[in-house]
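work-v1.cif follows; it contains mmCIF, C-alpha atoms.
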```cif
data_query
#
loop_
_atom_site.label_atom_id
_atom_site.label_comp_id
_atom_site.auth_asym_id
_atom_site.auth_seq_id
_atom_site.Cartn_x
_atom_site.Cartn_y
_atom_site.Cartn_z
CA MET B 1 100.51 52.35 0.79
CA ASN B 2 99.72 55.85 1.97
CA ALA B 3 101.99 58.34 3.73
CA ARG B 4 100.67 57.40 7.19
CA SER B 5 101.52 53.69 6.84
CA ALA B 6 104.85 54.41 5.15
CA ALA B 7 106.15 56.58 8.02
CA PRO B 8 106.68 53.77 10.61
CA ILE B 9 108.24 51.51 7.97
CA VAL B 10 110.68 54.23 6.95
CA SER B 11 111.50 54.93 10.61
CA LEU B 12 112.13 51.24 11.28
CA ALA B 13 114.30 50.95 8.19
CA LEU B 14 116.29 54.00 9.28
CA LEU B 15 116.67 52.58 12.78
CA ALA B 16 117.86 49.25 11.38
CA ALA B 17 120.32 51.03 9.11
CA LEU B 18 121.55 53.11 12.03
CA ALA B 19 121.99 50.02 14.20
CA ALA B 20 123.94 48.31 11.44
CA CYS B 21 126.22 51.32 11.14
CA THR B 22 126.81 51.64 14.92
CA ASN B 23 130.48 51.39 15.56
CA PHE B 24 130.52 51.88 19.30
CA TYR B 25 128.68 50.54 22.34
CA GLU B 26 128.67 52.10 25.77
CA VAL B 27 129.02 49.48 28.49
CA ALA B 28 129.01 49.60 32.26
CA ILE B 29 132.14 48.25 33.91
CA GLU B 30 133.20 47.61 37.49
CA THR B 31 136.90 48.13 38.06
CA PRO B 32 138.19 46.24 41.09
CA ILE B 33 140.47 48.23 43.37
CA SER B 34 142.58 46.11 45.67
CA PRO B 35 142.39 46.75 49.44
CA LYS B 36 144.84 49.17 51.03
CA MET B 37 146.13 46.58 53.47
CA ASP B 38 146.55 42.84 53.45
CA VAL B 39 144.17 41.36 56.00
CA SER B 40 144.47 37.76 54.85
CA ALA B 41 146.07 36.83 58.18
CA PHE B 42 142.91 37.76 60.07
CA ASN B 43 139.50 36.18 59.94
CA ARG B 44 138.06 38.17 62.85
CA VAL B 45 137.85 41.89 63.45
CA LEU B 46 137.26 43.79 66.68
CA VAL B 47 136.05 47.36 66.45
CA ALA B 48 137.24 48.21 69.93
CA GLY B 49 136.34 51.85 70.47
CA PHE B 50 137.36 55.39 69.64
CA ILE B 51 138.54 58.45 71.45
CA ALA B 52 135.72 60.77 70.52
CA GLY B 53 135.19 64.46 70.93
CA GLY B 54 133.28 67.46 69.69
CA THR B 55 129.59 68.02 70.16
CA ASP B 56 127.81 66.48 73.14
CA ASP B 57 124.74 65.75 71.03
CA VAL B 58 126.22 62.56 69.59
CA ASP B 59 128.14 59.81 71.38
CA ALA B 60 130.62 59.54 68.52
CA ASN B 61 132.46 56.61 70.13
CA LEU B 62 129.36 54.45 70.47
CA GLU B 63 127.83 55.44 67.13
CA THR B 64 131.07 54.91 65.22
CA VAL B 65 131.60 51.47 66.73
CA ARG B 66 128.00 50.46 65.96
CA LEU B 67 128.17 51.76 62.41
CA LEU B 68 131.53 50.19 61.54
CA ARG B 69 130.53 46.85 63.01
CA SER B 70 127.32 46.81 61.03
CA GLN B 71 129.15 47.78 57.80
CA LEU B 72 131.83 45.14 58.35
CA ARG B 73 129.20 42.52 59.09
CA SER B 74 127.55 43.04 55.71
CA LYS B 75 130.47 44.10 53.52
CA SER B 76 133.50 42.21 54.72
CA SER B 77 134.38 38.56 54.86
CA MET B 78 135.76 38.84 58.39
CA ARG B 79 133.74 37.83 61.43
CA VAL B 80 132.88 40.82 63.56
CA ILE B 81 133.45 40.35 67.29
CA GLU B 82 130.60 41.62 69.42
CA ALA B 83 132.03 43.16 72.53
CA GLU B 84 131.39 46.04 74.84
CA VAL B 85 132.59 49.35 73.47
CA LEU B 86 135.87 50.38 75.02
CA PRO B 87 135.76 53.75 76.88
CA LEU B 88 139.07 54.59 75.27
CA ALA B 89 139.22 58.26 76.29
CA GLU B 90 138.83 57.32 79.93
CA ILE B 91 141.41 54.56 79.69
CA ALA B 92 143.84 56.88 77.92
CA ALA B 93 143.27 59.58 80.52
CA GLU B 94 143.90 57.07 83.28
CA GLN B 95 147.05 55.84 81.58
CA SER B 96 148.38 59.35 81.14
CA LYS B 97 147.93 59.96 84.89
CA THR B 98 149.87 56.80 85.74
CA PRO B 99 152.41 56.42 82.95
CA SER B 100 154.20 53.55 84.68
CA ASN B 101 151.06 51.46 84.37
CA ALA B 102 150.70 51.97 80.63
CA GLY B 103 150.19 48.60 79.07
CA ASP B 104 149.94 46.97 82.45
CA ILE B 105 147.82 43.87 82.30
CA ALA B 106 145.71 45.14 85.17
CA ALA B 107 144.81 48.22 83.17
CA VAL B 108 143.25 46.30 80.30
CA PRO B 109 139.49 46.02 80.55
CA GLN B 110 137.73 42.75 79.89
CA LEU B 111 135.94 43.92 76.82
CA GLY B 112 133.61 41.33 75.50
CA ALA B 113 133.55 39.13 78.55
CA ALA B 114 130.07 40.28 79.23
CA ASP B 115 128.82 38.57 82.33
CA PRO B 116 125.98 36.12 81.89
CA PRO B 117 122.69 37.74 82.87
CA LEU B 118 121.83 37.18 86.48
CA PRO B 119 118.49 35.64 87.38
CA GLN B 120 115.99 38.28 88.36
CA GLY B 121 115.96 39.13 92.00
CA GLN B 122 119.45 37.80 92.60
CA PRO B 123 121.76 40.42 94.03
CA GLN B 124 124.46 41.53 91.66
CA ALA B 125 128.05 41.13 92.67
CA PRO B 126 129.89 44.30 93.52
CA PRO B 127 131.58 45.73 90.41
CA GLN B 128 135.09 45.22 91.75
CA GLN B 129 134.40 41.46 92.05
CA ALA B 130 132.70 41.11 88.69
CA GLN B 131 135.29 42.96 86.63
CA PRO B 132 138.32 43.69 88.73
CA GLN B 133 140.46 44.81 85.78
CA LEU B 134 138.20 47.50 84.39
CA ALA B 135 140.29 50.63 84.06
CA VAL B 136 137.60 53.24 84.47
CA PRO B 137 138.92 56.14 86.54
CA GLN B 138 138.16 55.72 90.23
CA GLN B 139 137.52 59.41 90.70
CA PRO B 140 136.20 61.13 87.60
CA ALA B 141 138.23 64.12 86.57
CA PRO B 142 136.53 67.50 86.56
CA GLU B 143 134.24 67.78 83.57
CA HIS B 144 136.20 70.54 81.82
CA GLU B 145 139.29 68.31 81.86
CA ASN B 146 137.58 65.42 80.08
CA LYS B 147 136.05 67.42 77.26
CA ILE B 148 137.62 66.89 73.88
CA ARG B 149 136.70 69.75 71.57
CA THR B 150 139.54 70.08 69.07
CA GLN B 151 142.23 68.02 67.33
CA LYS B 152 144.68 69.48 69.84
CA ASP B 153 142.67 68.00 72.71
CA LEU B 154 142.78 64.63 70.96
CA GLU B 155 146.55 64.74 70.65
CA LYS B 156 146.89 64.35 74.41
CA PHE B 157 145.39 60.86 74.13
CA GLN B 158 147.37 59.63 71.11
CA GLY B 159 149.83 57.69 73.27
CA ILE B 160 147.38 54.86 73.81
CA PHE B 161 147.57 53.85 70.15
CA SER B 162 151.27 53.13 70.39
CA ASP B 163 150.88 51.18 73.64
CA VAL B 164 151.77 47.80 72.15
CA ALA B 165 151.30 45.88 75.42
CA PHE B 166 147.79 47.28 75.87
CA TRP B 167 146.63 46.24 72.41
CA LYS B 168 148.41 42.91 72.55
CA LYS B 169 146.54 42.11 75.75
CA ILE B 170 143.24 42.94 74.08
CA GLY B 171 144.29 40.85 71.09
CA GLU B 172 145.04 37.86 73.30
CA GLU B 173 141.64 38.17 74.90
CA TYR B 174 139.92 37.82 71.52
CA GLN B 175 142.19 35.28 69.86
CA ASN B 176 144.30 37.77 67.96
CA PRO B 177 141.86 39.61 65.71
CA LEU B 178 142.46 42.69 63.63
CA ILE B 179 141.66 45.60 65.96
CA VAL B 180 140.05 48.76 64.63
CA THR B 181 140.32 51.85 66.77
CA GLY B 182 141.19 55.54 66.40
CA THR B 183 139.76 58.96 67.04
CA VAL B 184 136.56 60.69 65.98
CA LEU B 185 136.03 64.41 66.14
CA PHE B 186 132.53 65.64 65.32
CA VAL B 187 132.29 69.39 65.68
CA PRO B 188 129.70 71.97 64.69
CA HIS B 189 130.82 74.79 62.45
CA GLN B 190 129.37 77.90 60.97
CA VAL B 191 130.23 79.78 57.80
CA ASN B 192 128.94 83.20 56.84
CA GLY B 193 129.63 84.75 53.49
CA PHE B 194 128.60 85.21 49.90
CA VAL B 195 127.57 82.15 47.95
CA THR B 196 126.64 81.82 44.31
CA ARG B 197 123.50 79.92 43.52
CA ASN B 198 121.38 79.52 40.41
CA GLN B 199 118.05 81.29 40.32
CA GLU B 200 115.21 80.87 37.86
CA VAL B 201 114.02 84.12 36.24
CA TYR B 202 111.23 84.76 33.74
CA ASP B 203 111.28 87.66 31.28
CA ASN B 204 108.26 89.71 30.07
CA LEU B 205 107.45 87.04 27.50
CA GLY B 206 107.43 84.32 30.13
CA ARG B 207 110.68 82.73 28.95
CA ARG B 208 112.55 80.91 31.68
CA SER B 209 116.26 81.25 32.24
CA VAL B 210 118.67 80.44 35.05
CA VAL B 211 121.06 83.10 36.24
CA PRO B 212 123.77 82.90 38.91
CA VAL B 213 122.96 85.06 41.90
CA ARG B 214 125.36 85.99 44.67
CA ALA B 215 123.78 86.22 48.09
CA TYR B 216 125.00 86.58 51.65
CA MET B 217 124.15 83.46 53.63
CA GLU B 218 124.61 82.20 57.12
CA ARG B 219 125.21 78.49 57.05
CA LYS B 220 125.87 76.01 59.79
CA GLY B 221 126.76 72.38 59.82
CA PHE B 222 129.28 69.86 61.09
CA ILE B 223 132.78 68.60 60.40
CA LEU B 224 133.47 64.91 60.95
CA SER B 225 137.16 63.97 61.18
CA PRO B 226 137.79 60.34 62.04
CA THR B 227 141.19 58.65 62.13
CA PHE B 228 140.98 54.91 61.66
CA ILE B 229 143.81 52.89 63.17
CA PHE B 230 144.23 49.21 62.36
CA ILE B 231 146.17 47.22 64.93
CA ASP B 232 147.51 43.69 64.70
CA GLY B 233 145.96 41.86 67.65
CA ARG B 234 148.85 39.36 67.66
CA THR B 235 151.58 41.95 68.21
CA GLY B 236 149.75 45.09 69.31
CA GLU B 237 151.44 47.06 66.56
CA THR B 238 149.76 49.56 64.26
CA LEU B 239 149.43 48.19 60.74
CA TYR B 240 147.76 51.09 59.02
CA LYS B 241 146.38 54.51 59.86
CA GLU B 242 144.06 56.67 57.82
CA GLN B 243 142.79 60.14 58.55
CA VAL B 244 139.77 61.42 56.65
CA SER B 245 137.51 64.42 56.97
CA GLN B 246 134.17 65.53 55.62
CA ASP B 247 131.93 68.49 56.28
CA VAL B 248 128.38 69.52 55.58
CA LEU B 249 126.68 72.91 55.63
CA TYR B 250 122.99 73.74 55.79
CA ASN B 251 121.00 76.92 55.58
CA SER B 252 120.98 78.47 59.06
CA GLN B 253 117.16 78.22 59.19
CA GLN B 254 117.33 74.47 58.61
CA ASN B 255 117.30 72.50 61.83
CA THR B 256 119.13 69.25 61.15
CA PRO B 257 119.74 66.97 64.14
CA ALA B 258 123.39 66.32 64.88
CA LEU B 259 122.91 62.55 64.65
CA SER B 260 121.47 62.86 61.12
CA SER B 261 124.45 64.93 60.06
CA TYR B 262 126.79 62.41 61.64
CA PHE B 263 125.29 59.57 59.58
CA GLU B 264 125.20 61.72 56.44
CA LEU B 265 128.91 62.43 56.76
CA MET B 266 129.81 58.90 57.79
CA ASP B 267 128.02 57.57 54.69
CA GLN B 268 130.55 59.46 52.61
CA LEU B 269 133.55 58.22 54.58
CA ILE B 270 132.57 54.56 54.93
CA PRO B 271 133.70 53.52 51.40
CA SER B 272 137.21 54.71 52.22
CA PHE B 273 137.17 52.74 55.48
CA LEU B 274 135.88 49.58 53.79
CA GLY B 275 138.40 50.01 50.99
CA THR B 276 141.16 49.43 53.52
CA LEU B 277 139.99 45.92 54.27
CA SER B 278 138.27 44.62 51.16
CA THR B 279 138.30 44.97 47.39
CA GLN B 280 136.13 47.83 46.25
CA LYS B 281 134.56 48.09 42.82
CA ILE B 282 134.41 51.41 41.04
CA ARG B 283 131.51 51.64 38.63
CA GLY B 284 131.96 53.47 35.37
CA THR B 285 131.28 53.32 31.66
CA ARG B 286 133.57 52.66 28.73
CA VAL B 287 133.02 52.60 24.98
CA LEU B 288 133.58 49.37 23.07
CA LEU B 289 134.48 49.87 19.41
CA ARG B 290 133.92 47.78 16.31
CA MET V 1 161.04 62.02 -0.42
CA LEU V 2 161.36 59.05 -2.77
CA PHE V 3 161.79 56.78 0.23
CA ARG V 4 158.61 58.08 1.81
CA ALA V 5 156.70 57.58 -1.41
CA LEU V 6 158.02 54.02 -1.63
CA VAL V 7 157.02 53.27 1.95
CA ALA V 8 153.55 54.72 1.34
CA ALA V 9 153.18 52.67 -1.82
CA ALA V 10 154.31 49.53 -0.02
CA MET V 11 151.85 50.14 2.85
CA LEU V 12 149.05 50.78 0.39
CA THR V 13 149.85 47.52 -1.34
CA VAL V 14 149.88 45.59 1.93
CA LEU V 15 146.72 47.19 3.27
CA SER V 16 144.78 46.66 0.08
CA SER V 17 145.98 43.10 -0.35
CA PRO V 18 143.41 40.29 0.09
CA ALA V 19 145.46 38.83 2.97
CA TYR V 20 145.15 42.05 4.97
CA ALA V 21 141.45 42.33 4.17
CA ASP V 22 140.96 38.76 5.37
CA ALA V 23 142.85 39.41 8.59
CA ARG V 24 140.85 42.56 9.29
CA SER V 25 137.59 40.84 8.44
CA SER V 26 138.38 37.90 10.75
CA ALA V 27 139.58 40.23 13.50
CA ARG V 28 136.38 42.21 13.16
CA GLN V 29 134.32 39.05 13.56
CA GLN V 30 136.20 38.15 16.74
CA THR V 31 135.80 41.71 18.02
CA ASP V 32 132.06 41.72 17.34
CA PHE V 33 131.65 38.43 19.13
CA GLY V 34 133.66 39.79 22.04
CA ILE V 35 131.34 42.81 22.23
CA LYS V 36 128.29 40.54 22.33
CA VAL V 37 129.63 38.44 25.21
CA ALA V 38 130.86 41.54 27.07
CA GLN V 39 127.39 43.03 26.85
CA ASN V 40 126.20 39.90 28.68
CA GLY V 41 128.78 40.42 31.39
CA LEU V 42 131.15 37.64 30.27
CA TRP V 43 134.28 39.75 30.38
CA LYS V 44 136.84 36.95 30.56
CA GLU V 45 135.44 35.37 27.44
CA ALA V 46 135.21 38.74 25.72
CA THR V 47 138.86 39.35 26.53
CA TYR V 48 139.74 36.00 24.96
CA TRP V 49 138.05 37.00 21.68
CA TRP V 50 139.72 40.41 21.60
CA GLU V 51 143.09 38.82 22.27
CA LYS V 52 142.44 36.62 19.24
CA ALA V 53 141.43 39.68 17.22
CA VAL V 54 144.67 41.58 17.93
CA LYS V 55 146.69 38.48 17.10
CA LEU V 56 144.95 38.26 13.74
CA ASP V 57 145.30 41.96 13.07
CA PRO V 58 147.73 43.81 15.34
CA THR V 59 146.86 47.12 13.62
CA TYR V 60 143.18 46.99 14.64
CA ALA V 61 142.85 49.88 17.12
CA ALA V 62 139.25 49.07 18.11
CA ALA V 63 140.23 45.56 19.23
CA TRP V 64 143.11 46.95 21.33
CA ASN V 65 140.73 49.47 22.89
CA ASN V 66 138.24 46.73 23.79
CA LEU V 67 141.04 44.57 25.12
CA GLY V 68 142.07 47.46 27.38
CA ILE V 69 138.54 47.64 28.75
CA GLY V 70 138.44 43.86 29.25
CA TYR V 71 141.71 43.89 31.19
CA GLU V 72 140.56 46.88 33.24
CA GLN V 73 137.36 45.09 34.23
CA GLN V 74 139.48 42.21 35.54
CA GLY V 75 141.85 44.47 37.49
CA ARG V 76 144.80 43.76 35.14
CA PHE V 77 145.91 47.39 35.11
CA GLY V 78 149.36 46.88 33.56
CA ASP V 79 147.92 44.93 30.63
CA ALA V 80 145.09 47.45 30.28
CA ARG V 81 147.51 50.36 30.05
CA GLN V 82 149.54 48.61 27.32
CA ALA V 83 146.41 47.78 25.33
CA TYR V 84 145.03 51.33 25.55
CA GLU V 85 148.38 52.84 24.61
CA LYS V 86 148.60 50.54 21.61
CA ALA V 87 145.08 51.60 20.55
CA ILE V 88 145.98 55.29 20.87
CA ALA V 89 149.21 54.80 18.91
CA LEU V 90 147.26 53.16 16.09
CA ASP V 91 144.40 55.66 16.07
CA PRO V 92 145.61 58.83 17.80
CA LYS V 93 142.66 60.95 16.67
CA ASN V 94 139.99 58.67 18.08
CA ALA V 95 138.32 60.66 20.87
CA LEU V 96 136.47 57.62 22.25
CA ILE V 97 139.68 55.67 22.82
CA ARG V 98 141.23 58.72 24.49
CA GLU V 99 138.23 59.11 26.76
CA ASN V 100 138.40 55.45 27.79
CA TYR V 101 142.11 55.82 28.46
CA ASP V 102 141.66 59.01 30.50
CA GLN V 103 139.02 57.35 32.69
CA PHE V 104 141.23 54.30 33.12
CA LYS V 105 144.20 56.47 34.10
CA GLU V 106 142.16 58.25 36.76
CA ILE V 107 141.17 54.97 38.42
CA ASN V 108 144.63 53.50 38.00
CA GLU V 109 146.22 56.52 39.67
CA ARG V 110 143.75 56.26 42.54
CA SER V 111 144.57 52.60 42.96
CA LYS V 112 148.30 53.37 42.92
CA ARG V 113 147.92 56.09 45.55
CA ARG V 114 146.19 53.57 47.82
CA THR V 115 148.95 51.03 47.55
CA ASP V 116 151.69 53.65 47.90
CA ARG V 117 150.33 54.93 51.24
#
```

In structure tokens, write the structure found in this file.
Amino acid sequence: MNARSAAPIVSLALLAALAACTNFYEVAIETPISPKMDVSAFNRVLVAGFIAGGTDDVDANLETVRLLRSQLRSKSSMRVIEAEVLPLAEIAAEQSKTPSNAGDIAAVPQLGAADPPLPQGQPQAPPQQAQPQLAVPQQPAPEHENKIRTQKDLEKFQGIFSDVAFWKKIGEEYQNPLIVTGTVLFVPHQVNGFVTRNQEVYDNLGRRSVVPVRAYMERKGFILSPTFIFIDGRTGETLYKEQVSQDVLYNSQQNTPALSSYFELMDQLIPSFLGTLSTQKIRGTRVLLR
Amino acid sequence: MLFRALVAAAMLTVLSSPAYADARSSARQQTDFGIKVAQNGLWKEATYWWEKAVKLDPTYAAAWNNLGIGYEQQGRFGDARQAYEKAIALDPKNALIRENYDQFKEINERSKRRTDR
């Protein structure tokens, strides 16, 4: 046996000895975290719509409803009701103009009762005959009045979430599901200032090192602040409310579309939303000992 | 002083006795088997073996630590906390047990915050 053939044998023997002496094993575990609210009474969920505001580049109401429905379809045991997205801001604005009608049956739109498609060429019935209850404002308010830009603007519409009769009516229409609604504010923001970032530097001998460098930067991005409200479709009462917020900043030269940023931020907030309705598993590692 | 010396002598006698060695050896076998099944994802079965191990030798810190992990994996947070705390009490200088316990506490606190809301 020469030195070359002995080397692998010695290494193997050392490895075997090391394995025999190992007193700990790192293992992956998944810790189950119970849902924030008990939804066992519901087997159907209706993501009704959101009062949305902020940038005009993204229809935050429509996108949020689509995204939450698709997430619930794949990650929750409840059946997701497909229905038209509720124009909640318009309904709330209408209700605030006529407070006596708040919760009135006539003010509740027929959400999912999408009309069967008409044969081609057949004249469509006038809207007031097809959906007489739809509570879209008859005369649209001036544009500046409808714009929701800040949290303060959103506050004006909060009353609709406590309108028990309104939500109960919607619940009745869909056989008493869990109703998901709320507000979504998606606003651009800009931050200028000094930031510290790591920079690679090479000395005269070509050795690489990383040093922190402070530099003035103009950065722009978005803040996404949704409030998820869970309403009992049987009673119209709010069961749970959660407000979350997330922001992202990019270099000012980077041109990121608003919709991409919206999805990037929503990706980070979705686990919290899903954790309200279903058990979430937190992955981690632990060390088993001998 | 004399009392302490007597206690130490008594503990030494107990720990070096064949009965204790047998208990530790058996507990170690159960623990090793538990580790093997846990590595295959069979956490309930692993927990069963570690429960047996701590019954055989209640002073075996490693088995209590593993039991804590087993309970944690099954969402039995109260049992997990007790098991980890027992492991730390038996082997307070073991950094690995402390690390497991710290990670468990972080998740447990998060879970509590959710239910308290």

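The shortest atom-to-atom distance to V:Tyr71, with all atoms listed in the file taken into account, belongs to B:Thr31 out of B:Gln280, B:Thr196, B:Thr31, B:Asn176.
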
Rows by chain and residue number, chain B within 7 Å of chain V, shortest pair, all atoms listed in the file, as CSV:
```
residue,atom,partner,partner_atom,distance
B:Val27,CA,V:Gln39,CA,6.9
B:Ile29,CA,V:Gln73,CA,6.1
B:Glu30,CA,V:Gln73,CA,5.9
B:Thr31,CA,V:Gln73,CA,4.9
B:Pro32,CA,V:Gly75,CA,5.4
B:Ile33,CA,V:Ser111,CA,6.0
B:Lys36,CA,V:Arg114,CA,5.6
B:Arg286,CA,V:Asn100,CA,5.7
B:Val287,CA,V:Leu96,CA,6.7
B:Leu288,CA,V:Asn66,CA,5.4
B:Leu289,CA,V:Ala62,CA,5.0
B:Arg290,CA,V:Ala62,CA,5.8
```

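Between V:Ser26 and the candidates V:Lys105, V:Lys55, V:Lys44, V:Arg98, the tightest atom-to-atom separation, counting all atoms listed in the file, involves V:Lys55.
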
>> For the PyMOL selection byres ((chain B and resi 211-223) around 8), applied here, can you spell out every residue it catches as number ranges by chain?
In response: B: 185-201, 209-210, 224-225, 245-252, 258, 261-262

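Taking atom CA of B:Tyr25 and atom CA of V:Ala21 as the two end points, the separation is 23.7 Å.
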
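One finds atom CA of B:Glu237 at 7.6 Å from atom CA of B:Trp167.
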
> So how far away is atom CA of B:Ala89 from atom CA of B:Phe157, in Å?
Replying inline: 7.0 Å

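Using all atoms listed in the file, the nearest neighbour of B:Val80 within the list B:Phe42, B:Phe273, B:Tyr240, B:Phe263 is B:Phe42.
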
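Nearest to B:Thr55 of all the residues B:Pro35, B:Pro257, B:Gly206, B:Gly182 is B:Pro257, counting only C-alpha atoms.
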
>> Could you list, as a VMD selection string, every residue within 7 Å of B:Leu46, counting all atoms listed in the file and ignoring same-chain residues fewer than 6 positions away?
In response: chain B and resid 80 to 81 177 to 180

The PyMOL selection byres ((chain B and resi 277) around 10) resolved against shown file, as a PDB file with C-alpha atoms, keeping the file's coordinate frame:
```pdb
ATOM      1  CA  SER B  34     142.580  46.110  45.670  1.00  0.00           C
ATOM      2  CA  PRO B  35     142.390  46.750  49.440  1.00  0.00           C
ATOM      3  CA  LYS B  36     144.840  49.170  51.030  1.00  0.00           C
ATOM      4  CA  MET B  37     146.130  46.580  53.470  1.00  0.00           C
ATOM      5  CA  ASP B  38     146.550  42.840  53.450  1.00  0.00           C
ATOM      6  CA  VAL B  39     144.170  41.360  56.000  1.00  0.00           C
ATOM      7  CA  SER B  40     144.470  37.760  54.850  1.00  0.00           C
ATOM      8  CA  LEU B  72     131.830  45.140  58.350  1.00  0.00           C
ATOM      9  CA  LYS B  75     130.470  44.100  53.520  1.00  0.00           C
ATOM     10  CA  SER B  76     133.500  42.210  54.720  1.00  0.00           C
ATOM     11  CA  SER B  77     134.380  38.560  54.860  1.00  0.00           C
ATOM     12  CA  MET B  78     135.760  38.840  58.390  1.00  0.00           C
ATOM     13  CA  PHE B 230     144.230  49.210  62.360  1.00  0.00           C
ATOM     14  CA  SER B 272     137.210  54.710  52.220  1.00  0.00           C
ATOM     15  CA  PHE B 273     137.170  52.740  55.480  1.00  0.00           C
ATOM     16  CA  LEU B 274     135.880  49.580  53.790  1.00  0.00           C
ATOM     17  CA  GLY B 275     138.400  50.010  50.990  1.00  0.00           C
ATOM     18  CA  THR B 276     141.160  49.430  53.520  1.00  0.00           C
ATOM     19  CA  SER B 278     138.270  44.620  51.160  1.00  0.00           C
ATOM     20  CA  THR B 279     138.300  44.970  47.390  1.00  0.00           C
ATOM     21  CA  GLN B 280     136.130  47.830  46.250  1.00  0.00           C
TER      22      GLN B 280
END
```
